[in-house]
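Below you'll find the structure, written out as structure tokens, and then a few comments.
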Amino acid sequence: MPEGAVKCALTGVWTALKCRTGESHAVPVRAHGREPDGPREQATTAVRPDVTGLFRLQRSAGNRAATRLVARVQRQHLDLPTGAVGAVSGPGANRVENVLVVLDRLHALWSISTDDYHDERTGIAGTAPGQSVDSTRLARTIAAISRNEQPTLAPAVAEHFLNLRLSAPIGPGLPNTAADITALQGYFRARGALTPAMLGAEHVTRDGTNLDSIPDTRRALVEVKRAIARGILGWQPVHPVESEHGGDRFGGQTFRFTRPPHAIDRRNAEFGQYSIFVPRGAGPANNVRLHFSAGGVLGDSGTNAVLQHGLRSASDGSGWITIAVPGIDNTTGNVITAGEIQACLQRIGRPTTIDAFLLTAHSRGVLSLAATLNSGSVAGSLVRQVVLYDETAGAADAIRRAGIPASRVTMYAVNSSKDAGRGTRTVDLRAIGPELRAIGFLRIIESARATRPDVVVPPYIQSQLIRLAPLGSFSTRTPTPPGKHSIVEFCRANRTALRAIANPSDVRHGLQYFIEEHDLARFGPRADRHGRALPPGRMIDPGIYSHHLFVTELAHEATD
């Protein structure tokens, strides 16, 4: 066998460097019920390794040989949240949809050559949706799954999935520069895969490190590649703009920091937990956006404002690192301290000196913004802009006391009749509140059709749908910036249809009822504004949708 082919068979990076013919596809990882610090195990359909002849081997060669075979077979399949793929059999194993997405991920991970990738897809073409592919037809996929277990990483793969820039490949016999290994270890520390003690024990000072000498780093590398291939890195996307092939496009850029347990308020499970998003546009300057949410900032629920409002896609091209602060149901808000802001930056390997702040807050999150300003955690002189979404809640006084000029404050009003004080800019959208609610309904259904293929939209709903401009392209600014669409003009031009969607004459055939019936917004069981369960047939107050969903359309204006 040619030397190059042998090396291809041994490592994923050699597969990348010697076997591939063409550029890698930008393929992300699927996220199902996953927190940003790493995968959580989730129940899957039971499958078993396809180990025909195992007992015969055990009788003829002994237990040791059988054990090695079982370990090898286990490395040749992946347990996905929706079923297993690889050298497995059983109910739900190797469903064609799962096989295809695993192939896409393995190709993007450079664990399968482009030729083998296309041959394997061609070989299973024509398999009906929902049907299983026999593992004997998946030799290339199974080999790639095993190859993906090698502790190797190509620079293009690291940049695509981890937003990490390496100077050379990492792996056995590869350059393994000290700077690259250190950068990779810092990334794993940010994800919680390495502890400070592990970092200290595996500190690298010379190029060419043998990965066997840094076993925890090696383990973390294999685990993150396996997590990517399994599709359990990041969140389950709400909007297709944050999804590629059904996976979280930003899973590798999203992190979590948790307060010490003694500092967590037990009234709210997320009170002391922050999500951190590092955009690809982040440069050397420490520009920090603090986003104060009305509710959660973690996980797959629609109450995770970072996810529901598409804050990551809205700011990925900006230089603003987002630290999202969860809301809490009280009258004083949730203060993030200066020390916690610095700890969040340290967690992602950034310096603690802050160059500028951007403060954004929605609904009762404004209470947290005001309380944080009043605590002195944020120097008013560093605040470049404050954006309040449909609430003020004492923010005007806190902003004034912090010495932030009123000219740097913008208030979006949809339900709220308040303003943020004299001299601030108010974007008054109250006249089109119902239309904004309708746009929110349309966006939820549009997004669900792309991210939840299991949802069937009946004709009576399809007949009401209006085509929207792409997410992130509506604007309130005058004149309307190039490439954007005036949301006010859109509402005016479609007023009759949007009003009918917002306030249908037949509620049970309206978009809101359909959304809640299938929980497309991921708000969970129907409840009133106080969290009390609603009886059958009752729906969430429509005004809540106007208040919450308009942020999704206009979030980009804070960082454009």
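In the structure tokens, each chain is lettered A, B, ... as it comes, each chain's residues begin at 1, and ligands are numbered from 1 in order of appearance.
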Just the residues within 9 Å of Ala190 of chain A, please, counting only C-alpha atoms, with nothing from its chain fewer than 3 positions along; format it as a PDB file with C-alpha atoms, in the first residue's frame.
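Saved the output as selection-v3.pdb:
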```
ATOM      1  CA  ASP A  37     -20.095  23.858  28.508  1.00  0.00           C
ATOM      2  CA  GLN A 185      -5.822  23.756  26.215  1.00  0.00           C
ATOM      3  CA  GLY A 186      -7.209  27.235  26.882  1.00  0.00           C
ATOM      4  CA  TYR A 187     -10.243  26.414  24.763  1.00  0.00           C
ATOM      5  CA  ALA A 193     -13.035  19.985  29.939  1.00  0.00           C
ATOM      6  CA  LEU A 194      -9.733  20.794  31.674  1.00  0.00           C
ATOM      7  CA  PHE A 255     -19.602  29.068  26.918  1.00  0.00           C
ATOM      8  CA  ARG A 256     -20.922  29.175  30.457  1.00  0.00           C
ATOM      9  CA  PHE A 257     -19.691  30.614  33.737  1.00  0.00           C
ATOM     10  CA  GLN A 346     -10.807  34.916  32.213  1.00  0.00           C
ATOM     11  CA  ARG A 347     -12.855  31.802  31.517  1.00  0.00           C
ATOM     12  CA  ILE A 348     -12.593  32.412  27.763  1.00  0.00           C
ATOM     13  CA  GLY A 349      -8.920  33.359  27.951  1.00  0.00           C
TER      14      GLY A 349
END
```
Output as JSON lines one row per residue of segment 412-441 of chain A within 12 Å of segment 510-522 of chain A: the closest atom pair and its distance in Å to one decimal place, counting only C-alpha atoms, sorted by chain and residue number ascending.
```
{"residue": "A:Arg437", "atom": "CA", "partner": "A:Gln512", "partner_atom": "CA", "distance": 9.6}
{"residue": "A:Ala438", "atom": "CA", "partner": "A:Leu511", "partner_atom": "CA", "distance": 8.5}
{"residue": "A:Ile439", "atom": "CA", "partner": "A:Leu511", "partner_atom": "CA", "distance": 10.7}
{"residue": "A:Gly440", "atom": "CA", "partner": "A:Gln512", "partner_atom": "CA", "distance": 9.7}
{"residue": "A:Phe441", "atom": "CA", "partner": "A:Leu511", "partner_atom": "CA", "distance": 6.4}
```
Writer output for current selection, N, CA and C atoms, as a CSV table (one decimal), in the first residue's frame:
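The new file result.csv reads:
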```
chain,number,residue,atom,x,y,z
A,437,ARG,N,-46.5,41.5,16.4
A,437,ARG,CA,-46.9,40.2,17.0
A,437,ARG,C,-47.1,39.2,15.8
A,438,ALA,N,-47.7,39.7,14.8
A,438,ALA,CA,-47.9,38.8,13.6
A,438,ALA,C,-46.6,38.4,13.0
A,439,ILE,N,-45.7,39.3,12.9
A,439,ILE,CA,-44.3,39.0,12.3
A,439,ILE,C,-43.7,37.9,13.2
A,440,GLY,N,-43.8,38.1,14.5
A,440,GLY,CA,-43.3,37.1,15.4
A,440,GLY,C,-43.9,35.7,15.2
A,441,PHE,N,-45.2,35.6,15.0
A,441,PHE,CA,-45.8,34.3,14.7
A,441,PHE,C,-45.3,33.7,13.4
```
Suppose you want the space between atom CA of Thr410 of chain A and atom CA of Gly295 of chain A; what is it in Å?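 Value for the atom CA of Thr410 of chain A-atom CA of Gly295 of chain A distance: 21.3 Å.
Counting only C-alpha atoms, the residue from A:His239, A:His309, A:Arg280, A:His548 that sits nearest to Thr451 of chain A is A:His239.
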Would you list the contacts of Phe523 of chain A as an MDAnalysis selection string, taking every protein, DNA or RNA residue within 9 Å and counting only C-alpha atoms, but skipping same-chain residues closer than 6 positions in sequence? chainID A and resid 301:303 516
Could you turn the residues from that selection into a file that holds C-alpha atoms, as a CSV table (one decimal), in the first residue's frame?
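Output below, filename again08.csv:
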```csv
chain,number,residue,atom,x,y,z
A,301,SER,CA,-35.8,26.4,25.9
A,302,GLY,CA,-37.5,29.3,24.1
A,303,THR,CA,-37.1,31.2,27.4
A,516,GLU,CA,-48.9,26.8,21.2
```
Within 7 Å of Gly380 of chain A using only C-alpha atoms, minus same-chain residues under 2 positions, as a PyMOL selection string: chain A and resi 378+382-383+402-404
Hey, can you spit out that residue selection with N, CA, C and O atoms as a short mmCIF file (atom, residue, chain, number, x, y, z; two decimals), in the first residue's frame?
```
data_model
loop_
_atom_site.label_atom_id
_atom_site.label_comp_id
_atom_site.auth_asym_id
_atom_site.auth_seq_id
_atom_site.Cartn_x
_atom_site.Cartn_y
_atom_site.Cartn_z
N VAL A 378 -20.11 48.55 36.67
CA VAL A 378 -19.80 49.02 35.32
C VAL A 378 -19.45 50.50 35.38
O VAL A 378 -20.23 51.31 35.89
N LEU A 382 -17.14 54.02 30.38
CA LEU A 382 -16.81 53.02 29.36
C LEU A 382 -18.02 52.59 28.54
O LEU A 382 -17.87 51.84 27.57
N VAL A 383 -19.21 53.06 28.92
CA VAL A 383 -20.43 52.62 28.24
C VAL A 383 -20.60 53.42 26.95
O VAL A 383 -20.75 54.64 26.97
N ALA A 402 -24.84 57.07 36.71
CA ALA A 402 -23.59 56.49 36.22
C ALA A 402 -22.84 57.44 35.29
O ALA A 402 -21.72 57.14 34.86
N GLY A 403 -23.45 58.57 34.96
CA GLY A 403 -22.80 59.56 34.12
C GLY A 403 -22.82 59.21 32.64
O GLY A 403 -22.00 59.70 31.87
N ILE A 404 -23.76 58.37 32.24
CA ILE A 404 -23.87 57.99 30.83
C ILE A 404 -24.71 59.04 30.11
O ILE A 404 -25.86 59.29 30.51
#
```
Residues near segment 218-226 of chain A, anyone? I mean within 7 Å using only C-alpha atoms, not counting same-chain ones fewer than 3 positions away, as a list of chain:residue names. A:Asn148, A:Glu149, A:Gln150, A:Pro151, A:Phe188, A:Ala193, A:Leu211, A:Ile214, A:Pro215, A:Ala229, A:Arg230
Determine, counting only C-alpha atoms, which protein, DNA and RNA residues have an atom within 7 Å of an atom of Gly319 of chain A; residues of the same chain fewer than 6 positions away are not included. Present the result as a PDB file with C-alpha atoms, in the first residue's frame.
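Output saved as part_33.pdb:
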```pdb
ATOM      1  CA  PRO A 279     -18.111  36.363  18.006  1.00  0.00           C
ATOM      2  CA  GLY A 281     -15.459  39.452  14.765  1.00  0.00           C
ATOM      3  CA  ALA A 282     -13.859  39.787  18.219  1.00  0.00           C
ATOM      4  CA  GLY A 283     -10.450  41.426  18.037  1.00  0.00           C
ATOM      5  CA  ASN A 287     -15.464  45.182  24.021  1.00  0.00           C
TER       6      ASN A 287
END
```
Rounded to one decimal in Å, what is the spacing between atom CA of Thr352 of chain A and atom CA of His291 of chain A? 18.1 Å
Closest of A:Glu97, A:Asp419, A:Asp104, A:Asp248 to Ala125 of chain A - atom-to-atom distances counting only C-alpha atoms: A:Glu97
Out of segment 207-395 of chain A, which residues get strand (DSSP E or B) from DSSP, as a PyMOL selection string? chain A and resi 243-244+247-248+254-258+273-277+287-292+296+304+320-325+356-362+383-389
Who sits within 10 Å of segment 164-179 of chain A, only C-alpha atoms, same chain under 3 positions skipped, as a VMD selection string: chain A and resid 10 to 14 16 to 17 150 to 161 182 to 185 187 203 to 212 218 221 252 to 253 280
